[in-house]
Amino acid sequence: MPKISVVVVDDSALVRSMLTEIINRQPDMECIGAAADPFVAREMIRNLNPDVITLDVEMPRMDGLDFLSKLMRLRPMPVVMVSTLTERGAEVTLKALELGAVDFVSKPKIGVVDGLRQLSDDITDKIRVASKARIHRLTPAATPAAAATPAPGQRVAPSATTATAKPLNTGSYSLGRLSTEKLIFIGASTGGTEATKEVLVTLPADSPGVIITQHMPPGFTRNYAARLDGLCKIRVKEASDGERILPGHAYIAPGGLHLSVERSGANYIARVQDGDPVNRHKPSVEVLFKSAARVAGPNAIGIMLTGMGGDGAKAMREMRDAGAYCVAQDEASCVVFGMPREAIAAGAVQEVLPLNKIAQHVLDHLRATVGQALSRV
């Protein structure tokens, strides 16, 4: 079997050398080129045709985001971003995922050599996943940078830069009392930041509470929640331990902590706790979905989105056995089909749907339950 070919793009000679060493130690991959800036990288990609590139965010001559945007329009390919774990690094990385990057690695701000060595398994795992990912061409209309940059002399209305990001009105839904009883649980990993966004932007303001575990390291989930909050009709925030789960709100598991739900009288509350990784992940979808089966039972709706591995599949089966309604994203619309595939194989899923159909299907299912007896557990 041919090795996964990788081109490393980073302005730091030390980082290029470290990443090259890490990649070349793997029996199934090879670094076939290392570029100090996007202009050199462009020629390498053209001549060497790599399977994956790793791309630094901040570089001279051309910003990493600008290069990524051009790459995804002209020659879409799997990209793993390498970003510094800072607030700005988190914001730029989230924009890179919007532009089509498959995943990211956070390099340490200090102690780069030891930090990258400790991350070597994570880096190579993400390169392997990226090499199998489905990559879609980025259209100019979907490019935030393109939408935000007017032509010379062109006047832009105040709302023009956000017009493409705001969801279309999907109709008027009045779920009323139902929304206080039902809960929507979402699990996602690789490709999930954009998949989760597509689901959330379609939900109406009186949606049931949404609880989300997205595999993401510390330092990124607060920015991610804030970005979604600006796009959605519902409010989106990073979950806090002990807070009440309200209709019209979505709660994202903080990076590096597990999120679950508990019952407190008539209310659902969020439980955010440290603990050992489950299925190698923290936060883990398994932890969230197990609590959904135990606490919400038939009042739960489970959604399994794109991601590598099988985290949450067994617990989603527990949800279905407890009376929950569960759906999974289909293979064609996934960046990586692993988590939905495992949930389907476990017999956990009633419906398998394209990403752009999931939210509407869930809303239709909820509307169909209006007027029926509500289950309390």
# chains A, B, ... in the order shown; residues from 1 in each chain; ligands from 1
>>> select_by_dssp(residues="region 168-285 of chain A", states="helix (DSSP H, G or I)", output="MDAnalysis selection string")
chainID A and resid 178:181 192:200 221:229 285
>>> closest_atom_pairs(of="region 276-296 of chain A", to="region 210-221 of chain A", cutoff="7 Å", atoms="only C-alpha atoms", output="Markdown table")
| residue | atom | partner | partner_atom | distance |
| --- | --- | --- | --- | --- |
| A:Pro283 | CA | A:His215 | CA | 6.2 |
| A:Ser284 | CA | A:Thr213 | CA | 6.7 |
| A:Val285 | CA | A:Thr213 | CA | 5.6 |
>>> residues_around(residues="Lys132 (chain A)", least_positions_apart="3", cutoff="12 Å", atoms="only C-alpha atoms", output="PyMOL selection string")
chain A and resi 4+51-52+77-79+102+125-129+135+190+307-308+334-338
>>> closest_residue(among="A:Ala13, A:Ile23, A:Leu99, A:Ile53", to="Leu68 (chain A)", atoms="only C-alpha atoms")
A:Leu99
>>> residues_around(residues="region 5-11 of chain A", least_positions_apart="3", cutoff="7 Å", atoms="only C-alpha atoms", output="ChimeraX atom specification")
/A:15-16,29-37,41,50-56,59
>>> residues_around(residues="region 104-116 of chain A", least_positions_apart="6", cutoff="8 Å", atoms="only C-alpha atoms", output="number ranges by chain")
A: 14-15, 18-19, 80-85, 93, 122-123, 126
>>> write_last_selection(atoms="all heavy atoms", output="CSV table (one decimal), in the first residue's frame")
chain,number,residue,atom,x,y,z
A,14,LEU,N,12.4,25.2,12.5
A,14,LEU,CA,12.4,24.2,13.6
A,14,LEU,C,11.1,23.3,13.5
A,14,LEU,O,11.2,22.1,13.6
A,14,LEU,CB,12.5,24.9,15.0
A,14,LEU,CG,12.4,24.0,16.2
A,14,LEU,CD1,13.5,22.9,16.2
A,14,LEU,CD2,12.4,24.8,17.5
A,15,VAL,N,10.0,24.0,13.3
A,15,VAL,CA,8.7,23.3,13.2
A,15,VAL,C,8.7,22.4,12.0
A,15,VAL,O,8.3,21.2,12.0
A,15,VAL,CB,7.5,24.2,13.2
A,15,VAL,CG1,6.2,23.5,13.0
A,15,VAL,CG2,7.4,25.0,14.6
A,18,MET,N,10.8,19.4,12.8
A,18,MET,CA,10.1,18.5,13.8
A,18,MET,C,9.0,17.7,13.1
A,18,MET,O,8.8,16.5,13.3
A,18,MET,CB,9.6,19.3,14.9
A,18,MET,CG,10.7,19.8,15.9
A,18,MET,SD,11.5,18.4,16.7
A,18,MET,CE,10.2,17.5,17.4
A,19,LEU,N,8.1,18.4,12.4
A,19,LEU,CA,7.0,17.7,11.7
A,19,LEU,C,7.5,16.7,10.7
A,19,LEU,O,6.9,15.6,10.5
A,19,LEU,CB,6.1,18.8,11.1
A,19,LEU,CG,5.3,19.6,12.0
A,19,LEU,CD1,4.5,20.7,11.2
A,19,LEU,CD2,4.3,18.8,12.8
A,80,VAL,N,-4.5,19.9,7.3
A,80,VAL,CA,-4.5,19.9,8.7
A,80,VAL,C,-3.8,21.2,9.2
A,80,VAL,O,-2.7,21.4,8.8
A,80,VAL,CB,-3.8,18.7,9.3
A,80,VAL,CG1,-3.7,18.8,10.9
A,80,VAL,CG2,-4.5,17.4,8.9
A,81,MET,N,-4.6,22.0,9.9
A,81,MET,CA,-4.0,23.3,10.3
A,81,MET,C,-3.1,23.1,11.5
A,81,MET,O,-3.4,22.3,12.4
A,81,MET,CB,-5.1,24.3,10.6
A,81,MET,CG,-6.0,24.6,9.5
A,81,MET,SD,-5.2,25.3,8.0
A,81,MET,CE,-4.6,26.9,8.6
A,82,VAL,N,-2.0,23.9,11.6
A,82,VAL,CA,-1.2,23.9,12.8
A,82,VAL,C,-1.2,25.3,13.3
A,82,VAL,O,-0.8,26.3,12.7
A,82,VAL,CB,0.3,23.5,12.4
A,82,VAL,CG1,1.2,23.6,13.7
A,82,VAL,CG2,0.3,22.2,11.8
A,83,SER,N,-1.8,25.5,14.5
A,83,SER,CA,-2.1,26.8,15.1
A,83,SER,C,-1.5,26.9,16.5
A,83,SER,O,-1.4,25.9,17.2
A,83,SER,CB,-3.6,27.1,15.1
A,83,SER,OG,-4.3,26.2,15.9
A,84,THR,N,-1.2,28.1,16.9
A,84,THR,CA,-0.8,28.4,18.3
A,84,THR,C,-2.0,28.5,19.2
A,84,THR,O,-3.0,29.1,18.8
A,84,THR,CB,0.0,29.7,18.3
A,84,THR,OG1,1.1,29.6,17.4
A,84,THR,CG2,0.6,29.9,19.7
A,85,LEU,N,-1.9,27.9,20.4
A,85,LEU,CA,-3.0,27.8,21.3
A,85,LEU,C,-3.1,29.2,22.0
A,85,LEU,O,-2.7,29.4,23.1
A,85,LEU,CB,-2.8,26.7,22.3
A,85,LEU,CG,-4.0,26.5,23.3
A,85,LEU,CD1,-5.3,26.3,22.5
A,85,LEU,CD2,-3.7,25.3,24.2
A,93,THR,N,-8.3,29.5,13.7
A,93,THR,CA,-8.4,28.1,13.4
A,93,THR,C,-9.9,27.7,13.1
A,93,THR,O,-10.2,27.0,12.1
A,93,THR,CB,-8.0,27.2,14.6
A,93,THR,OG1,-6.6,27.5,14.8
A,93,THR,CG2,-8.2,25.7,14.3
A,122,ASP,N,-1.1,12.4,18.0
A,122,ASP,CA,-2.3,13.2,17.6
A,122,ASP,C,-2.1,13.8,16.2
A,122,ASP,O,-3.0,13.7,15.4
A,122,ASP,CB,-2.5,14.4,18.6
A,122,ASP,CG,-3.8,15.1,18.5
A,122,ASP,OD1,-4.8,14.4,18.1
A,122,ASP,OD2,-3.9,16.3,18.7
A,123,ILE,N,-0.9,14.3,15.9
A,123,ILE,CA,-0.6,14.8,14.6
A,123,ILE,C,-0.7,13.8,13.5
A,123,ILE,O,-1.4,14.0,12.5
A,123,ILE,CB,0.8,15.4,14.6
A,123,ILE,CG1,0.9,16.7,15.5
A,123,ILE,CG2,1.2,15.8,13.1
A,123,ILE,CD1,2.3,17.1,15.8
A,126,LYS,N,-4.3,12.5,12.9
A,126,LYS,CA,-5.1,13.5,12.2
A,126,LYS,C,-4.7,13.5,10.7
A,126,LYS,O,-5.6,13.7,9.8
A,126,LYS,CB,-5.0,14.9,12.8
A,126,LYS,CG,-5.8,14.9,14.1
A,126,LYS,CD,-5.8,16.3,14.8
A,126,LYS,CE,-6.6,16.2,16.1
A,126,LYS,NZ,-6.7,17.5,16.7
>>> select_by_dssp(residues="region 195-328 of chain A", states="strand (DSSP E)", output="ChimeraX atom specification")
/A:209-214,235-238,249-252,258-264,267-273,300-304,325-328
>>> closest_residue(among="A:Asn279, A:Arg25, A:Arg137, A:Ser189", to="Met72 (chain A)", atoms="only C-alpha atoms")
A:Arg137
>>> closest_residue(among="A:Phe39, A:Leu257, A:Asp229, A:Arg263", to="Asp276 (chain A)", atoms="only C-alpha atoms")
A:Leu257
>>> residues_around(residues="Arg244 (chain A)", least_positions_apart="5", cutoff="8 Å", atoms="only C-alpha atoms", output="PyMOL selection string")
chain A and resi 267-270
>>> closest_residue(among="A:Ala130, A:Leu203, A:Ile22, A:Ile234", to="Leu366 (chain A)", atoms="only C-alpha atoms")
A:Leu203
>>> atom_distance(atom1="CA of Pro354 (chain A)", atom2="CA of Val295 (chain A)")
28.4 Å
>>> closest_residue(among="A:Val272, A:Met304, A:Ala346, A:Val362", to="Glu331 (chain A)", atoms="only C-alpha atoms")
A:Met304
>>> residues_around(residues="Phe67 (chain A)", least_positions_apart="3", cutoff="9 Å", atoms="only C-alpha atoms", output="PyMOL selection string")
chain A and resi 38-39+42+62-64+70-72
>>> closest_residue(among="A:Asp121, A:Glu58, A:Glu43, A:Glu243", to="Gln26 (chain A)", atoms="only C-alpha atoms")
A:Asp121
